[in-house]
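Below is one structure; the comments refer to it alone.
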Amino acid sequence: MELNFNIDNVRYAFGKLDRVHINGMACKVIYHSEEGYVFGADDSEALAHSYSHEQLSRLGAQGRIRVELGYYDPASARKRLVQSASFIDDLPFKTRVRLSKKDAYCEAILELRRDGLIKMTDEGLDANMALIKGKALAYAGKHTRVGDRKLDISGNFDEAPSPRTLRRWLEAKEELGLVGLADAMHRRGNRTRVMGPEEIGLLMTEVRKYLSPEKPTIKMIHEGVQIAFDKRNAERVKVGLGVLTTPSRETVRRAVRELDPFQVTLAREGEAAARKKYRPVFEGLYLARPLQRVEIDEWQIDLITLMKSSGMYDLLTDEERAALGLDKKKARWWITAAICCTTRCILSMVLSREPGGEAATQAVQMIMTNKGKWADAVGALTAWDMHGRPELIVTDGGAAFKSERFRFACADLAIATEIAINGVPEVRGTIERVFKTFVLDLMPRLSGRTFSNILEKGDSDPTKRAALTVDDLTFALVRWVVDIYHNTPHRGLDGETPIACWRRLSTQWGVMPPPDMHTARTVFGQHKTATLDKTGITILKVRYHSEKLAAWLRREGSCTVNVRWHPKDIGAVSVQLGDRWHEVPSVDASLEGVSAQTWLTATRTVRAGNPKSNRLDLPAVRQGIKAIEERNEAAMASASLNLEDWSAEAFDRAEKNVLAGVEFHERASGPQNDSELGRAIRHHVEPSDAAPPAQRTEAERAGSAPKTQTTLNIEED
């Protein structure tokens with residue numbers, strides 16, 4: 001069975017004296033025909049708007065038309081003079097009760113008159129008052145009950161009115177309708193102030209002292225009013241004037257309560273408290289897709305605040321606080337974090353001593369990186385694979401987010417950015433609330449791991465047994481985010497966990513993929529110049545070469561080229577040849593995916609075993625890298641969150657301190673069995689022009705001809 005509701009055939013009729021409200025705009029009928037109506041604006045003859053019958057039918061079905069019947073009729077205008085409310089239900093309670101009583105008596109008299117049982121004379125009404133009262137009670141019925149409220153004589157049905165009053169009620173109802181029975185008794189009384197202008201001015205001068213950050217009480221304000229009036233009265237007596245009446249405490253209290261509540265909170269609590277208390281709250285942001293809105297902010301990890309929040313700070317002595325770095329003499333760590341506002345998943349965390357554009361940019365890079373290896377490094381039981389390119393990043397007006405490094409990176413990745421209003425954390429409420437969750441939920445878990453020994457120290461020295469290291473903090477942050485926060489039901493998600501919300505919405509909508517490696521090197525990598533020669537180009541003692549570099553060298557000769565390299569992967573770099581950029585791989589293919597920090601750490605480790613030699617054996621180096629990577633999982637988690645400094649100064653310092661004078665060579669050895677540790681490295685013959693023939697022949701006879709230059713990398717992320 002098909003149900004079809006057609007509303008286009010409905011036609012509405014409007015009178016010339018009606019006032020019609022269409023979509024909230026008041027208008028009156030100017031013209032109508034078979035096609036529709038023309039309405040003019042209520043306050044102007046020159047403005048008009050036409051509506052067809054079909055349009056009016058749809059608007060009426062949507063409840064967007066309101067008609068005030070006979071609004072322009074003189075009788076209606078007269079009713080509005082005595083009408084105190086648009087609807088009877090809008091009348092005050094007692095006024096409505098009195099109107100109910102009057103209407104019930106009027107209806108009772110009208111019914112008895114129709115039946116010919118009474119006459120409208122004083123004698124006839126007095127003689128039948130009991131009958132009239134009974135009929136009136138029948139009309140009022142159960143609506144006469146008003147609960148525990150006491151009715152005055154005007155609303156009590158047992159108190160019958162006089163015949164003259166009954167006739168006046170009937171006349172008012174016949175002339176003005178039911179609204180004619182409404183009175184204005186609630187407006188009675190002398191509402192003017194008893195105090196004169198001078199008294200009011202003196203009172204309000206003292207009352208406005210209530211608007212103070214010192215938060216004086218009403219009792220203190222009343223005492224100030226008394227002192228002020230006593231002083232003024234003494235002055236008036238000296239000049240022969242009468243004394244002023246000192247206001248009572250109740251008068252002062254009412255005057256204080258009449259102050260603007262917003263102004264009171266603003267003056268006594270501050271702007272933030274007033275905004276939080278009185279700022280209107282609507283539905284908030286409408287977010288449907290993962291990464292639709294990402295908020296990034298910085299937070300100083302103040303351990304003193306964390307300790308105080310958990311109630312443990314006061315239990316420590318001054319010496320213990322100093323040992324734990326809680327005496328404000330040690331630098332604090334900052335965390336730059338990002339959160340998906342749709343799913344409430346934390347997408348990145350970067351630890352740094354001083355926040356800046358580099359930390360903010362690294363946080364953006366971490367958003368687009370699968371962080372599973374960092375979760376594995378701390379033994380997390382849940383995946384941390386939430387990543388993708390965000391649509392919008394919202395930040396505050398901090399210097400880090402105004403830096404060119406951050407702004408240009410977002411622009412190159414086509415990520416929209418928005419700087420929220422400074423001083424209004426509510427517009428970035430999602431990331432602000434996460435920082436509070438760190439304090440409320442993470443610190444109690446840290447206390448048992450790091451500080452419990454202080455409470456049970458006994459005769460031991462707690463300064464040698466308890467200290468919150470950066471590794472401890474990093475471990476706790478990653479493990480708490482991945483296993484606890486992401487798996488805790490979130491009130492903002494209607495009880496759904498952040499990870500479940502991400503899985504559901506990412507399956508439904510998908511996310512934009514992260515940038516390719518060349519784009520990542522361009523946006524997040526480091527830019528420098530390098531010399532191109534027959535061996536290619538060298539970055540951190542790692543050689544890069546390709547056919548395109550060789551062709552460019554044959555045409556241009558030895559020259560300087562622009563290079564972009566990424567600290568997270570030194571297996572390839574991007575080189576600018578003319579107007580185009582080309583990806584050039586490392587000569588040593590084993591460096592693919594190896595980070596610069598891993599390379600330097602492995603080089604430093606192998607070199608420490610033989611500090612007097614600058615020739616490093618590559619098979620030994622590779623074995624060292626493998627062993628370090630297997631045993632350095634905890635350090636990987638720490639390094640992944642710590643800000644990496646690869647500025648020009650840091651780059652030069654690394655080459656000077658770690659790689660200065662280092663040469664790499666392959667050890668001549670036979671093929672390695674599959675059961676042996678490590679892997680077989682194929683021999684790589686240098687180009688014919690890499691060394692003079694005599695030198696190559698002599699080196700080959702010695703069995704130590706250089707095969708390939710390689711670089712080490714220790715993945716500390």
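Chain labels follow the order of the structure tokens: the first chain is A, the next B, and so on; residue numbering restarts at 1 in every chain, and ligands are counted from 1 in their shown order.
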From the DSSP assignment of the backbone, select every residue of stretch 563-611 of chain A that is alpha helix (DSSP H), and format the answer as a compact mmCIF listing (two decimals) with C-alpha atoms, in the first residue's frame.
# COMPACT_ATOMS: atom_id res chain seq x y z
CA ALA A 596 70.64 9.27 10.20
CA GLN A 597 70.66 8.85 13.97
CA THR A 598 70.99 5.08 13.61
CA TRP A 599 73.84 5.53 11.16
CA LEU A 600 75.76 7.85 13.48
CA THR A 601 75.19 5.68 16.54
CA ALA A 602 76.36 2.53 14.77
CA THR A 603 79.43 4.30 13.45
CA ARG A 604 80.24 5.63 16.91
CA THR A 605 79.76 2.17 18.45
CA VAL A 606 82.01 0.35 15.98
CA ARG A 607 84.64 3.07 16.10
CA ALA A 608 84.74 2.88 19.90
CA GLY A 609 85.96 -0.71 19.60
Contacts of stretch 494-509 of chain A within 6 Å, only C-alpha atoms, excl. fewer than 6 positions in-chain, as number ranges by chain: A: 343-345, 486-488
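With distances restricted to only C-alpha atoms, A:Thr265 is the closest residue to A:Lys215 from A:Thr246, A:Ser100, A:Ser403, A:Thr265.
Considering only C-alpha atoms, the residue among A:Leu440, A:Ile421, A:Ile431, A:Leu291 positioned nearest to A:Ile367 is A:Leu291.
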Selected residue, from A:Leu493, A:Thr251, A:Arg64, A:Leu131, that lies nearest to A:Ala288 when counting only C-alpha atoms: A:Leu493
Pairwise distance for atom CA of A:Gln365 and atom CA of A:Ala409, rounded to one decimal in Å: 9.4 Å
Separation of atom CA of A:Glu295 from atom CA of A:Ala416 in Å: 11.9 Å
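We find atom CA of A:Gln300 and atom CA of A:Trp333 to be spaced 6.1 Å apart.
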Might you pull out every residue within 12 Å of A:Thr165, with only C-alpha atoms counted and same-chain residues fewer than 2 positions away left off, and present them as a JSON list (two decimals) with C-alpha atoms, in the first residue's frame?
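The resulting selection.json:
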[["chain", "number", "residue", "atom", "x", "y", "z"],
["A", 102, "LYS", "CA", -14.42, 35.01, 36.41],
["A", 105, "TYR", "CA", -19.09, 32.48, 36.85],
["A", 106, "CYS", "CA", -19.78, 34.14, 33.47],
["A", 120, "MET", "CA", -30.07, 39.85, 35.81],
["A", 122, "ASP", "CA", -29.70, 42.37, 41.92],
["A", 125, "LEU", "CA", -28.81, 37.21, 41.21],
["A", 126, "ASP", "CA", -28.77, 37.29, 45.02],
["A", 154, "SER", "CA", -10.06, 37.03, 44.58],
["A", 160, "ALA", "CA", -19.03, 34.64, 45.44],
["A", 161, "PRO", "CA", -18.89, 38.10, 43.78],
["A", 162, "SER", "CA", -21.61, 40.71, 44.12],
["A", 163, "PRO", "CA", -24.32, 41.04, 41.44],
["A", 167, "ARG", "CA", -22.60, 42.12, 35.46],
["A", 168, "ARG", "CA", -19.26, 43.94, 34.97],
["A", 169, "TRP", "CA", -17.52, 40.66, 34.20],
["A", 170, "LEU", "CA", -20.18, 39.74, 31.64],
["A", 171, "GLU", "CA", -19.89, 43.12, 29.94],
["A", 172, "ALA", "CA", -16.10, 42.87, 29.72],
["A", 181, "LEU", "CA", -11.45, 39.20, 32.16]]
Exercise: A:Met368 partners within 10 Å, only C-alpha atoms, chain neighbours under 4 positions left out, as a ChimeraX atom specification: /A:347-348,363-364,385-390,512-515
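The residue that comes closest to A:Phe229, out of A:Gly15, A:Pro247, A:Gly242, A:Gly63 and on the basis of only C-alpha atoms, is A:Pro247.
Proximity ranking of A:Asp376, A:Glu432, A:Glu547, A:Asp18 relative to A:Tyr72 places A:Asp18 first, based on only C-alpha atoms.
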Residue with smallest distance to A:Ala476 - pool A:Ala375, A:Val67, A:Ile539, A:Ala182, counting only C-alpha atoms: A:Ala375
